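Undergrad: start-v8.pdb is reproduced below (PDB, C-alpha atoms).
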ATOM      1  CA  MET P  22     -20.272 -37.980 -16.008
ATOM      2  CA  ARG P  23     -22.414 -36.680 -18.852
ATOM      3  CA  ALA P  24     -26.020 -35.932 -18.044
ATOM      4  CA  GLY P  25     -28.556 -38.614 -18.954
ATOM      5  CA  LEU P  26     -26.138 -41.561 -19.056
ATOM      6  CA  GLY P  27     -26.744 -42.763 -15.513
ATOM      7  CA  PRO P  28     -24.164 -44.700 -13.456
ATOM      8  CA  ARG P  29     -21.458 -46.455 -15.447
ATOM      9  CA  ARG P  30     -21.515 -50.257 -15.031
ATOM     10  CA  THR P  31     -18.147 -51.958 -14.331
ATOM     11  CA  VAL P  32     -17.161 -55.632 -14.196
ATOM     12  CA  SER P  33     -14.194 -56.704 -12.096
ATOM     13  CA  ALA P  34     -11.224 -58.488 -13.737
ATOM     14  CA  LEU P  35     -11.784 -61.411 -11.357
ATOM     15  CA  ALA P  36     -15.347 -61.853 -12.614
ATOM     16  CA  VAL P  37     -14.179 -61.812 -16.248
ATOM     17  CA  GLY P  38     -11.467 -64.408 -15.537
ATOM     18  CA  LEU P  39     -13.835 -66.749 -13.704
ATOM     19  CA  ALA P  40     -16.437 -66.490 -16.433
ATOM     20  CA  ALA P  41     -13.853 -67.451 -19.097
ATOM     21  CA  SER P  42     -12.570 -70.359 -16.971
ATOM     22  CA  THR P  43     -16.106 -71.678 -16.518
ATOM     23  CA  ALA P  44     -16.763 -71.621 -20.248
ATOM     24  CA  LEU P  45     -13.544 -73.598 -20.911
ATOM     25  CA  THR P  46     -14.367 -76.216 -18.221
ATOM     26  CA  LEU P  47     -17.842 -76.797 -19.615
ATOM     27  CA  PHE P  48     -16.409 -77.276 -23.121
ATOM     28  CA  THR P  49     -13.754 -79.913 -22.112
ATOM     29  CA  ALA P  50     -15.610 -81.957 -19.490
ATOM     30  CA  PRO P  51     -15.877 -85.711 -20.274
ATOM     31  CA  ALA P  52     -19.242 -86.975 -21.477
ATOM     32  CA  GLY P  53     -21.585 -87.964 -18.705
ATOM     33  CA  THR P  54     -19.707 -85.985 -16.117
ATOM     34  CA  ARG P  55     -21.702 -83.192 -14.563
ATOM     35  CA  THR P  56     -19.624 -80.197 -13.756
ATOM     36  CA  GLU P  57     -21.030 -77.421 -11.641
ATOM     37  CA  ALA P  58     -20.012 -74.007 -12.800
ATOM     38  CA  PRO P  59     -18.530 -71.942 -10.004
ATOM     39  CA  ALA P  60     -20.581 -68.993  -8.943
ATOM     40  CA  VAL P  61     -19.675 -65.837 -10.805
ATOM     41  CA  PRO P  62     -19.306 -62.823  -8.551
ATOM     42  CA  ALA P  63     -22.111 -60.356  -8.974
ATOM     43  CA  VAL P  64     -21.557 -57.493 -11.365
ATOM     44  CA  THR P  65     -20.877 -54.329  -9.410
ATOM     45  CA  THR P  66     -21.788 -50.779 -10.277
ATOM     46  CA  THR P  67     -20.082 -47.596  -9.306
ATOM     47  CA  ALA P  68     -22.031 -45.408  -6.939
ATOM     48  CA  ARG P  69     -23.490 -42.249  -8.449
ATOM     49  CA  ALA P  70     -21.354 -39.304  -7.425
ATOM     50  CA  GLU P  71     -23.378 -36.922  -5.319
ATOM     51  CA  ALA P  72     -23.243 -33.288  -6.424
ATOM     52  CA  PRO P  73     -21.774 -31.004  -3.779
ATOM     53  CA  ALA P  74     -24.384 -29.211  -1.745
ATOM     54  CA  VAL P  75     -25.198 -25.751  -3.067
ATOM     55  CA  ILE P  76     -24.941 -23.199  -0.293
ATOM     56  CA  PRO P  77     -27.854 -20.796  -0.721
ATOM     57  CA  SER P  78     -27.262 -17.076  -0.554
ATOM     58  CA  PRO P  79     -28.421 -15.620   2.731
ATOM     59  CA  ALA P  80     -31.783 -13.911   2.698
ATOM     60  CA  VAL P  81     -31.160 -10.159   2.730
ATOM     61  CA  ALA P  82     -34.168  -7.933   3.311
ATOM     62  CA  ALA P  83     -34.868  -5.756   0.284
ATOM     63  CA  GLY P  84     -36.160  -2.856   2.326
ATOM     64  CA  PRO P  85     -34.190  -0.455   4.505
ATOM     65  CA  SER P  86     -32.722  -1.741   7.740
ATOM     66  CA  SER P  87     -30.172  -0.780  10.380
ATOM     67  CA  ILE P  88     -27.154  -1.958   8.357
ATOM     68  CA  GLY P  89     -26.917  -1.261   4.647
ATOM     69  CA  PRO P  90     -25.880   1.329   2.067
ATOM     70  CA  GLY P  91     -25.005   4.707   3.562
ATOM     71  CA  VAL P  92     -23.921   3.611   7.048
ATOM     72  CA  VAL P  93     -20.507   4.611   8.382
ATOM     73  CA  THR P  94     -17.610   2.136   8.270
ATOM     74  CA  GLU P  95     -14.313   2.602  10.084
ATOM     75  CA  THR P  96     -11.375   0.361   9.195
ATOM     76  CA  ALA P  97      -8.945  -0.194  12.084
ATOM     77  CA  GLY P  98      -5.660   1.587  11.434
ATOM     78  CA  ALA P  99      -7.062   3.353   8.376
ATOM     79  CA  GLY P 100     -10.044   5.566   7.599
ATOM     80  CA  LEU P 101     -13.727   6.374   8.015
ATOM     81  CA  CYS P 102     -15.952   5.825   4.977
ATOM     82  CA  THR P 103     -19.548   5.329   3.828
ATOM     83  CA  ALA P 104     -20.844   1.861   2.981
ATOM     84  CA  GLY P 105     -21.882   0.977  -0.541
ATOM     85  CA  LEU P 106     -24.158  -1.875  -1.568
ATOM     86  CA  VAL P 107     -24.894  -5.134   0.245
ATOM     87  CA  LEU P 108     -23.457  -8.145  -1.603
ATOM     88  CA  THR P 109     -23.672 -11.883  -1.023
ATOM     89  CA  ALA P 110     -21.611 -14.933  -1.999
ATOM     90  CA  GLY P 111     -22.923 -18.316  -0.877
ATOM     91  CA  ASP P 112     -23.690 -18.025   2.825
ATOM     92  CA  ARG P 113     -21.593 -14.863   3.275
ATOM     93  CA  THR P 114     -22.829 -11.256   3.422
ATOM     94  CA  PHE P 115     -20.709  -8.185   2.681
ATOM     95  CA  LEU P 116     -20.870  -4.409   2.625
ATOM     96  CA  ALA P 117     -18.993  -2.740  -0.205
ATOM     97  CA  GLN P 118     -16.631   0.108   0.515
ATOM     98  CA  ALA P 119     -13.782   1.758  -1.379
ATOM     99  CA  ALA P 120     -10.491  -0.151  -1.216
ATOM    100  CA  HIS P 121      -8.668   3.048  -0.295
ATOM    101  CA  CYS P 122     -10.692   3.089   2.953
ATOM    102  CA  GLY P 123      -8.034   0.597   4.078
ATOM    103  CA  GLY P 124      -5.139   2.767   2.923
ATOM    104  CA  THR P 125      -2.555   3.708   5.535
ATOM    105  CA  GLY P 126      -0.682   6.412   3.609
ATOM    106  CA  ASP P 127      -1.615  10.058   3.175
ATOM    107  CA  GLU P 128      -4.546  11.310   1.100
ATOM    108  CA  THR P 129      -2.404  11.744  -2.017
ATOM    109  CA  GLU P 130      -1.618   8.013  -2.184
ATOM    110  CA  THR P 131      -4.338   6.848  -4.563
ATOM    111  CA  ASP P 132      -2.530   4.269  -6.712
ATOM    112  CA  GLY P 133      -3.931   0.925  -5.607
ATOM    113  CA  CYS P 134      -0.907  -0.941  -6.965
ATOM    114  CA  THR P 135       1.657   0.859  -4.809
ATOM    115  CA  SER P 136      -0.131   2.490  -1.850
ATOM    116  CA  ALA P 137       0.209   0.932   1.599
ATOM    117  CA  ALA P 138      -2.921  -0.749   2.962
ATOM    118  CA  VAL P 139      -4.079  -2.784   5.945
ATOM    119  CA  PRO P 140      -4.077  -6.587   5.519
ATOM    120  CA  LEU P 141      -7.125  -8.750   4.965
ATOM    121  CA  GLY P 142      -8.701  -9.769   8.255
ATOM    122  CA  THR P 143      -8.501  -6.237   9.662
ATOM    123  CA  PRO P 144     -11.550  -5.385  11.837
ATOM    124  CA  VAL P 145     -14.017  -2.877  10.404
ATOM    125  CA  THR P 146     -16.518  -1.134  12.677
ATOM    126  CA  VAL P 147     -19.931  -0.790  11.006
ATOM    127  CA  ARG P 148     -22.122   1.873  12.618
ATOM    128  CA  GLY P 149     -25.730   1.041  11.760
ATOM    129  CA  THR P 150     -28.659   3.294  12.498
ATOM    130  CA  ASP P 151     -29.488   1.505  15.750
ATOM    131  CA  ARG P 152     -26.576  -0.864  16.359
ATOM    132  CA  THR P 153     -22.842  -1.200  15.818
ATOM    133  CA  VAL P 154     -21.200  -4.443  14.682
ATOM    134  CA  THR P 155     -17.646  -5.444  13.860
ATOM    135  CA  GLY P 156     -17.027  -6.822  10.397
ATOM    136  CA  THR P 157     -13.830  -8.029   8.737
ATOM    137  CA  LEU P 158     -11.993  -6.801   5.658
ATOM    138  CA  ALA P 159     -12.482  -9.890   3.485
ATOM    139  CA  TRP P 160     -11.312  -8.735   0.042
ATOM    140  CA  SER P 161      -9.719  -5.616  -1.418
ATOM    141  CA  SER P 162      -8.817  -4.765  -4.994
ATOM    142  CA  TRP P 163      -5.730  -2.939  -3.701
ATOM    143  CA  ASN P 164      -4.413  -6.011  -1.875
ATOM    144  CA  THR P 165      -5.168  -8.247  -4.851
ATOM    145  CA  MET P 166      -3.550  -5.927  -7.407
ATOM    146  CA  GLN P 167      -0.400  -5.675  -5.306
ATOM    147  CA  ALA P 168      -0.231  -9.450  -4.809
ATOM    148  CA  ARG P 169      -0.662 -10.028  -8.563
ATOM    149  CA  GLY P 170       1.788  -7.341  -9.639
ATOM    150  CA  GLU P 171      -0.833  -5.362 -11.583
ATOM    151  CA  THR P 172       0.741  -2.587 -13.683
ATOM    152  CA  ASP P 173      -2.013  -1.169 -15.924
ATOM    153  CA  PRO P 174      -2.201   2.504 -14.862
ATOM    154  CA  ASP P 175      -5.978   2.888 -15.298
ATOM    155  CA  THR P 176      -6.703  -0.291 -13.353
ATOM    156  CA  CYS P 177      -4.291   0.751 -10.602
ATOM    157  CA  ALA P 178      -5.875   4.207 -10.340
ATOM    158  CA  TYR P 179      -9.582   3.350 -10.512
ATOM    159  CA  ASN P 180     -10.076  -0.270  -9.370
ATOM    160  CA  ASP P 181     -11.193   0.784  -5.893
ATOM    161  CA  LEU P 182     -13.503  -1.805  -4.305
ATOM    162  CA  ALA P 183     -13.326  -3.656  -0.992
ATOM    163  CA  LEU P 184     -15.651  -6.059   0.817
ATOM    164  CA  VAL P 185     -16.401  -5.972   4.535
ATOM    165  CA  GLU P 186     -17.778  -9.328   5.675
ATOM    166  CA  LEU P 187     -20.553  -8.997   8.237
ATOM    167  CA  PRO P 188     -20.905 -11.414  11.163
ATOM    168  CA  ALA P 189     -23.648 -14.020  10.793
ATOM    169  CA  ASP P 190     -25.551 -12.721  13.818
ATOM    170  CA  ALA P 191     -25.950  -9.335  12.106
ATOM    171  CA  ALA P 192     -28.034 -10.844   9.283
ATOM    172  CA  PRO P 193     -31.468  -9.869  10.693
ATOM    173  CA  ALA P 194     -30.367  -6.216  10.745
ATOM    174  CA  VAL P 195     -29.103  -6.077   7.134
ATOM    175  CA  GLY P 196     -31.123  -4.459   4.333
ATOM    176  CA  ALA P 197     -30.183  -3.935   0.673
ATOM    177  CA  ALA P 198     -32.170  -0.740  -0.018
ATOM    178  CA  VAL P 199     -30.313   2.414  -1.011
ATOM    179  CA  PRO P 200     -31.771   5.122   1.256
ATOM    180  CA  PHE P 201     -34.353   7.450  -0.310
ATOM    181  CA  PHE P 202     -34.168   5.957  -3.829
ATOM    182  CA  GLY P 203     -34.605   2.217  -3.356
ATOM    183  CA  GLY P 204     -32.804  -0.243  -5.584
ATOM    184  CA  PRO P 205     -30.407  -1.529  -6.633
ATOM    185  CA  THR P 206     -32.271  -3.269  -9.439
ATOM    186  CA  GLY P 207     -29.115  -4.820 -10.906
ATOM    187  CA  VAL P 208     -25.665  -3.740 -12.120
ATOM    188  CA  ARG P 209     -25.264  -1.496 -15.157
ATOM    189  CA  THR P 210     -22.793  -2.997 -17.640
ATOM    190  CA  GLU P 211     -23.287  -0.801 -20.721
ATOM    191  CA  PRO P 212     -21.542   2.578 -21.172
ATOM    192  CA  LEU P 213     -22.859   5.554 -19.217
ATOM    193  CA  PRO P 214     -23.185   8.543 -21.582
ATOM    194  CA  ALA P 215     -22.261  12.092 -20.660
ATOM    195  CA  GLY P 216     -25.317  14.017 -19.499
ATOM    196  CA  ALA P 217     -27.052  10.967 -17.995
ATOM    197  CA  PRO P 218     -28.727  11.598 -14.622
ATOM    198  CA  VAL P 219     -27.391   9.605 -11.672
ATOM    199  CA  PHE P 220     -28.327   9.314  -8.011
ATOM    200  CA  GLY P 221     -26.179   8.814  -4.939
ATOM    201  CA  LEU P 222     -25.703   9.620  -1.282
ATOM    202  CA  ALA P 223     -24.086  12.472   0.607
ATOM    203  CA  ASN P 224     -22.842  11.911   4.152
ATOM    204  CA  PRO P 225     -21.358  15.165   5.466
ATOM    205  CA  PRO P 226     -20.535  15.689   9.153
ATOM    206  CA  ASP P 227     -22.439  18.222  11.224
ATOM    207  CA  ALA P 228     -20.863  20.626  13.732
ATOM    208  CA  THR P 229     -20.409  17.799  16.243
ATOM    209  CA  GLY P 230     -18.869  15.425  13.708
ATOM    210  CA  ALA P 231     -21.960  13.213  13.526
ATOM    211  CA  ARG P 232     -23.043  12.164  10.045
ATOM    212  CA  ALA P 233     -26.531  11.958   8.564
ATOM    213  CA  VAL P 234     -26.941  10.422   5.125
ATOM    214  CA  ALA P 235     -28.776  12.518   2.511
ATOM    215  CA  ALA P 236     -29.933  12.131  -1.093
ATOM    216  CA  ARG P 237     -27.757  13.511  -3.885
ATOM    217  CA  GLY P 238     -28.467  14.020  -7.581
ATOM    218  CA  GLY P 239     -25.844  14.378 -10.280
ATOM    219  CA  VAL P 240     -25.135  14.311 -13.986
ATOM    220  CA  VAL P 241     -22.421  12.311 -15.720
ATOM    221  CA  ALA P 242     -19.575  14.456 -17.036
ATOM    222  CA  GLY P 243     -17.810  11.581 -18.780
ATOM    223  CA  ASP P 244     -15.673   8.495 -18.349
ATOM    224  CA  VAL P 245     -12.218   8.547 -16.790
ATOM    225  CA  GLY P 246      -9.502   5.920 -16.653
ATOM    226  CA  GLY P 247     -10.491   4.303 -19.936
ATOM    227  CA  GLY P 248     -13.960   3.496 -18.611
ATOM    228  CA  TRP P 249     -12.776   2.291 -15.202
ATOM    229  CA  GLY P 250     -14.421   5.344 -13.644
ATOM    230  CA  HIS P 251     -17.143   7.951 -14.113
ATOM    231  CA  ALA P 252     -16.841  11.658 -13.294
ATOM    232  CA  VAL P 253     -20.073  13.170 -11.961
ATOM    233  CA  TYR P 254     -21.085  16.802 -11.461
ATOM    234  CA  THR P 255     -23.214  17.627  -8.411
ATOM    235  CA  MET P 256     -24.545  20.875  -6.986
ATOM    236  CA  GLU P 257     -22.708  20.317  -3.708
ATOM    237  CA  PRO P 258     -19.138  18.964  -3.662
ATOM    238  CA  GLY P 259     -18.347  15.662  -2.043
ATOM    239  CA  VAL P 260     -16.508  15.583   1.277
ATOM    240  CA  ALA P 261     -14.028  13.266   2.962
ATOM    241  CA  GLY P 262     -15.727  10.269   4.548
ATOM    242  CA  GLU P 263     -18.198   9.708   1.686
ATOM    243  CA  SER P 264     -15.885   7.278  -0.123
ATOM    244  CA  GLY P 265     -17.532   3.950  -0.856
ATOM    245  CA  SER P 266     -21.072   5.296  -1.188
ATOM    246  CA  PRO P 267     -23.117   3.936  -4.119
ATOM    247  CA  LEU P 268     -24.198   5.510  -7.404
ATOM    248  CA  LEU P 269     -27.340   4.454  -9.320
ATOM    249  CA  ASP P 270     -28.506   5.208 -12.850
ATOM    250  CA  ALA P 271     -31.996   6.411 -13.825
ATOM    251  CA  GLY P 272     -33.263   2.823 -13.757
ATOM    252  CA  GLY P 273     -31.939   2.064 -10.285
ATOM    253  CA  ARG P 274     -29.039  -0.065 -11.521
ATOM    254  CA  ALA P 275     -25.786   0.145  -9.588
ATOM    255  CA  VAL P 276     -23.164   2.148 -11.477
ATOM    256  CA  GLY P 277     -20.301   2.802  -9.118
ATOM    257  CA  VAL P 278     -18.557   3.249  -5.782
ATOM    258  CA  LEU P 279     -17.398   6.730  -4.759
ATOM    259  CA  SER P 280     -13.628   6.729  -5.153
ATOM    260  CA  SER P 281     -12.250  10.271  -5.226
ATOM    261  CA  LEU P 282     -12.927  13.991  -5.391
ATOM    262  CA  SER P 283     -11.539  15.745  -8.428
ATOM    263  CA  SER P 284     -11.565  19.038 -10.330
ATOM    264  CA  THR P 285     -12.413  19.678 -13.966
ATOM    265  CA  ALA P 286     -12.141  22.822 -16.081
ATOM    266  CA  ASP P 287     -14.410  25.007 -13.968
ATOM    267  CA  ARG P 288     -15.937  22.994 -11.133
ATOM    268  CA  PRO P 289     -15.260  20.097  -8.772
ATOM    269  CA  SER P 290     -16.548  16.643  -9.591
ATOM    270  CA  ILE P 291     -16.863  13.288  -7.870
ATOM    271  CA  GLU P 292     -15.298  10.199  -9.413
ATOM    272  CA  TYR P 293     -16.823   6.749  -9.023
ATOM    273  CA  THR P 294     -15.212   3.378  -9.739
ATOM    274  CA  ASP P 295     -17.295   1.461 -12.292
ATOM    275  CA  LEU P 296     -18.914  -1.308 -10.235
ATOM    276  CA  GLY P 297     -19.400  -3.704 -13.160
ATOM    277  CA  ARG P 298     -15.684  -3.630 -13.981
ATOM    278  CA  ALA P 299     -14.681  -3.934 -10.333
ATOM    279  CA  LEU P 300     -16.913  -6.990  -9.823
ATOM    280  CA  ASP P 301     -15.569  -8.550 -13.019
ATOM    281  CA  TYR P 302     -12.003  -8.054 -11.770
ATOM    282  CA  ALA P 303     -12.906  -9.724  -8.472
ATOM    283  CA  ALA P 304     -14.476 -12.661 -10.334
ATOM    284  CA  ARG P 305     -11.418 -13.083 -12.588
ATOM    285  CA  THR P 306      -8.951 -13.023  -9.712
ATOM    286  CA  ASP P 307      -9.486 -14.111  -6.110
ATOM    287  CA  GLY P 308     -12.809 -12.547  -5.146
ATOM    288  CA  PRO P 309     -15.470 -14.612  -3.347
ATOM    289  CA  PRO P 310     -17.118 -17.038  -5.829
ATOM    290  CA  GLY P 311     -20.667 -16.096  -6.784
ATOM    291  CA  LEU P 312     -20.375 -12.512  -5.569
ATOM    292  CA  ALA P 313     -23.421 -10.393  -6.500
ATOM    293  CA  PRO P 314     -25.312  -7.385  -5.121
ATOM    294  CA  ALA P 315     -28.464  -8.086  -3.123
ATOM    295  CA  SER P 316     -31.555  -6.606  -4.777
ATOM    296  CA  GLY P 317     -33.355  -3.709  -3.172
ATOM    297  CA  PRO P 318     -36.958  -2.528  -3.519
ATOM    298  CA  GLY P 319     -38.370  -0.573  -6.447
ATOM    299  CA  PHE P 320     -36.405   2.508  -7.486
ATOM    300  CA  THR P 321     -37.690   6.083  -7.670
ATOM    301  CA  ALA P 322     -35.860   9.163  -8.932
ATOM    302  CA  THR P 323     -38.262  11.416  -6.989
ATOM    303  CA  PRO P 324     -38.262  10.039  -3.442
ATOM    304  CA  PRO P 325     -41.035  11.323  -1.177
ATOM    305  CA  GLY P 326     -39.968  13.746   1.514
ATOM    306  CA  VAL P 327     -36.795  14.792  -0.331
ATOM    307  CA  ASP P 328     -36.490  18.441  -1.385
ATOM    308  CA  PRO P 329     -36.211  18.382  -5.205
ATOM    309  CA  ARG P 330     -33.543  21.082  -4.981
ATOM    310  CA  SER P 331     -31.173  18.564  -3.377
ATOM    311  CA  LEU P 332     -31.485  16.439  -6.520
ATOM    312  CA  ALA P 333     -30.895  19.305  -8.957
ATOM    313  CA  THR P 334     -28.097  18.683 -11.440
ATOM    314  CA  PRO P 335     -25.721  21.371 -12.701
ATOM    315  CA  ALA P 336     -24.769  22.045 -16.279
ATOM    316  CA  GLY P 337     -21.081  21.882 -17.040
ATOM    317  CA  PRO P 338     -18.472  21.070 -19.641
ATOM    318  CA  GLY P 339     -18.058  17.465 -20.646
ATOM    319  CA  ILE P 340     -14.925  15.518 -19.865
ATOM    320  CA  ALA P 341     -13.186  13.793 -22.720
ATOM    321  CA  ALA P 342     -13.285  10.033 -22.308
ATOM    322  CA  GLY P 343     -10.090   8.945 -20.580
TER     323      GLY P 343
END
Step by step, read the file and then write its structure as structure tokens.

TA:
Amino acid sequence: MRAGLGPRRTVSALAVGLAASTALTLFTAPAGTRTEAPAVPAVTTTARAEAPAVIPSPAVAAGPSSIGPGVVTETAGAGLCTAGLVLTAGDRTFLAQAAHCGGTGDETETDGCTSAAVPLGTPVTVRGTDRTVTGTLAWSSWNTMQARGETDPDTCAYNDLALVELPADAAPAVGAAVPFFGGPTGVRTEPLPAGAPVFGLANPPDATGARAVAARGGVVAGDVGGGWGHAVYTMEPGVAGESGSPLLDAGGRAVGVLSSLSSTADRPSIEYTDLGRALDYAARTDGPPGLAPASGPGFTATPPGVDPRSLATPAGPGIAAG
């Protein structure tokens, strides 16, 4: 129904027939004979269709909390990773992680269109700062690409996003803030030029294997995979277990999800899946409707209490756009 027209009025066929019959009877009745017209059934109207109820997005605290970006996730039967951003869709809340965190092959199997992976519904342990909850693998670009028969090599190599759905009772412990920096303030959709400063998280293990998230600065070396990914130089190389962690630009907008560790001409680099492209792919296929990152607090590139040397960015050769 078009807006502004109101309910459409309908008259039953029976009512039309009786009205015509009444008119004919009144016309042919003998003079002096009073003929009572039969009652015409009341005109009926169709009921206005009620719009389906809109399920509001759950309220996610903007500030830091026990569960959010930077916490450890462990997918049953697969690997240990670092959580990316908090996202919502209707009344559902998710943590982002890399799709390859659900991979069951060896570390060289990085093609999301052919590599083995755990099924959707697999339990994912989420180790918050003061509590541990069990989430569920709800969506994965790898599973979707394999189900759809995706063949584009850049998409297969760099579309590396998965969603871990958090249980409803964990909601009070969820916060959207990226540790140290704040944000995200949105999702970056325009190109990211070489030389641009970016900000992310490190999560290396200590001697006991425990992990403590730390701030990391970097500089963009260039695009890879035809824009599906971004290569980033950092002073310290990334390590296994940091996959999935978020990357922000100088305005606090979300840029990517840590996907792989790579090498360029003279130094190692970290490659991030472009988050805008990954979210668009989810929206165009079978991702949760209305999926969007939860907003964090204000962003700062110089977080208090963080040694500026940990945010230093190296100089290095650019990478030709792939």

Undergrad: Spell out the residues picked by the PyMOL selection byres ((chain P and resi 196-199) around 9) here, as number ranges by chain.

TA: P: 81-91, 105-108, 192-195, 200-205, 221-222, 267, 314-320

Undergrad: Once the PyMOL selection byres ((chain P and resi 257) around 12) is applied to the coordinates I shared, what remains selected? I want it as number ranges by chain.

TA: P: 222-225, 235-239, 253-256, 258-260, 282, 288-291, 330-335

Undergrad: Can you pull out the residues contacting Ser266 in chain P? Cut-off 7 Å, using only C-alpha atoms, and skip same-chain residues under 2 positions away; I want them as a PyMOL selection string.

TA: chain P and resi 91+103-105+222+263-264+268+278-279

Undergrad: Apply the PyMOL selection byres ((chain P and resi 182-184) around 8) to the file shown and report the selected residues as a ChimeraX atom specification.

TA: /P:115-121,158-163,180-181,185-186,265,278,294,299

Undergrad: Would you compute the distance between CA of Thr155 in chain P and CA of Gly308 in chain P? Give it in Å to one decimal.

TA: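 Computing the Euclidean distance for CA of Thr155 in chain P and CA of Gly308 in chain P yields 20.9 Å.
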
Undergrad: Could you please determine the separation between CA of Val241 in chain P and CA of Gly277 in chain P in Å, to one decimal place?

TA: 11.8 Å

Undergrad: At a cut-off of 7 Å, using only C-alpha atoms, what residues contact Glu95 in chain P? Leave out same-chain residues fewer than 6 positions from it and give the result as a ChimeraX atom specification.

TA: /P:101-102,145-147

Undergrad: Could you check which residues have any atom within 12 Å of (-19.8, 10.3, 14.9), counting only C-alpha atoms with coordinates taken straight from the file, and then list them as a list in words?

TA: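 Those within range, by chain then number, are Val92, Val93, Thr94, Glu95, Leu101, Cys102, Val147, Arg148, Gly149, Thr150, Thr153, Asn224, Pro225, Pro226, Asp227, Ala228, Thr229, Gly230, Ala231, Arg232, Ala233 and Gly262 of chain P.
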
Undergrad: Would you mind telling me which residue in P:Pro324, P:Ala303, P:Arg113, P:Pro329 lies nearest to Thr165 in chain P when using only C-alpha atoms?

TA: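 Residue with the minimum atom-to-atom distance to Thr165 in chain P: P:Ala303.
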
Undergrad: Nearest to Met166 in chain P among P:Asp270, P:Asp151, P:Asp132, P:Asp112, with distances taken over only C-alpha atoms: which residue is it?

TA: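 Among P:Asp270, P:Asp151, P:Asp132, P:Asp112, it is P:Asp132 that comes nearest to Met166 in chain P.
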
Undergrad: Taking all atoms listed in the file into account, name the residue in P:Pro174, P:Gly207, P:Pro214, P:Gly156 that is nearest to Ala191 in chain P.

TA: P:Gly156

Undergrad: Between P:Gly247, P:Gly123, P:Pro140, P:Pro325, single out the one closest to Gly100 in chain P, counting all atoms listed in the file.

TA: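 Nearest to Gly100 in chain P: P:Gly123.
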
Undergrad: So the first atom is CA of Phe220 in chain P and the second is CA of Asp301 in chain P; what is the distance between them in Å, to one decimal place?

TA: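 Going from CA of Phe220 in chain P over to CA of Asp301 in chain P, I get 22.5 Å.
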
Undergrad: Pick the closest to Val219 in chain P from P:Leu141, P:Ala252, P:Ala168, P:Val327: which is it, counting only C-alpha atoms?

TA: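 Closest to Val219 in chain P of all the choices is P:Ala252.
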
Undergrad: Return the single residue from P:Ala261, P:Ala97, P:Val240, P:Leu269 that is closest to Glu128 in chain P, with distances computed using all atoms listed in the file.

TA: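 For Glu128 in chain P, the nearest of the candidates is P:Ala261.
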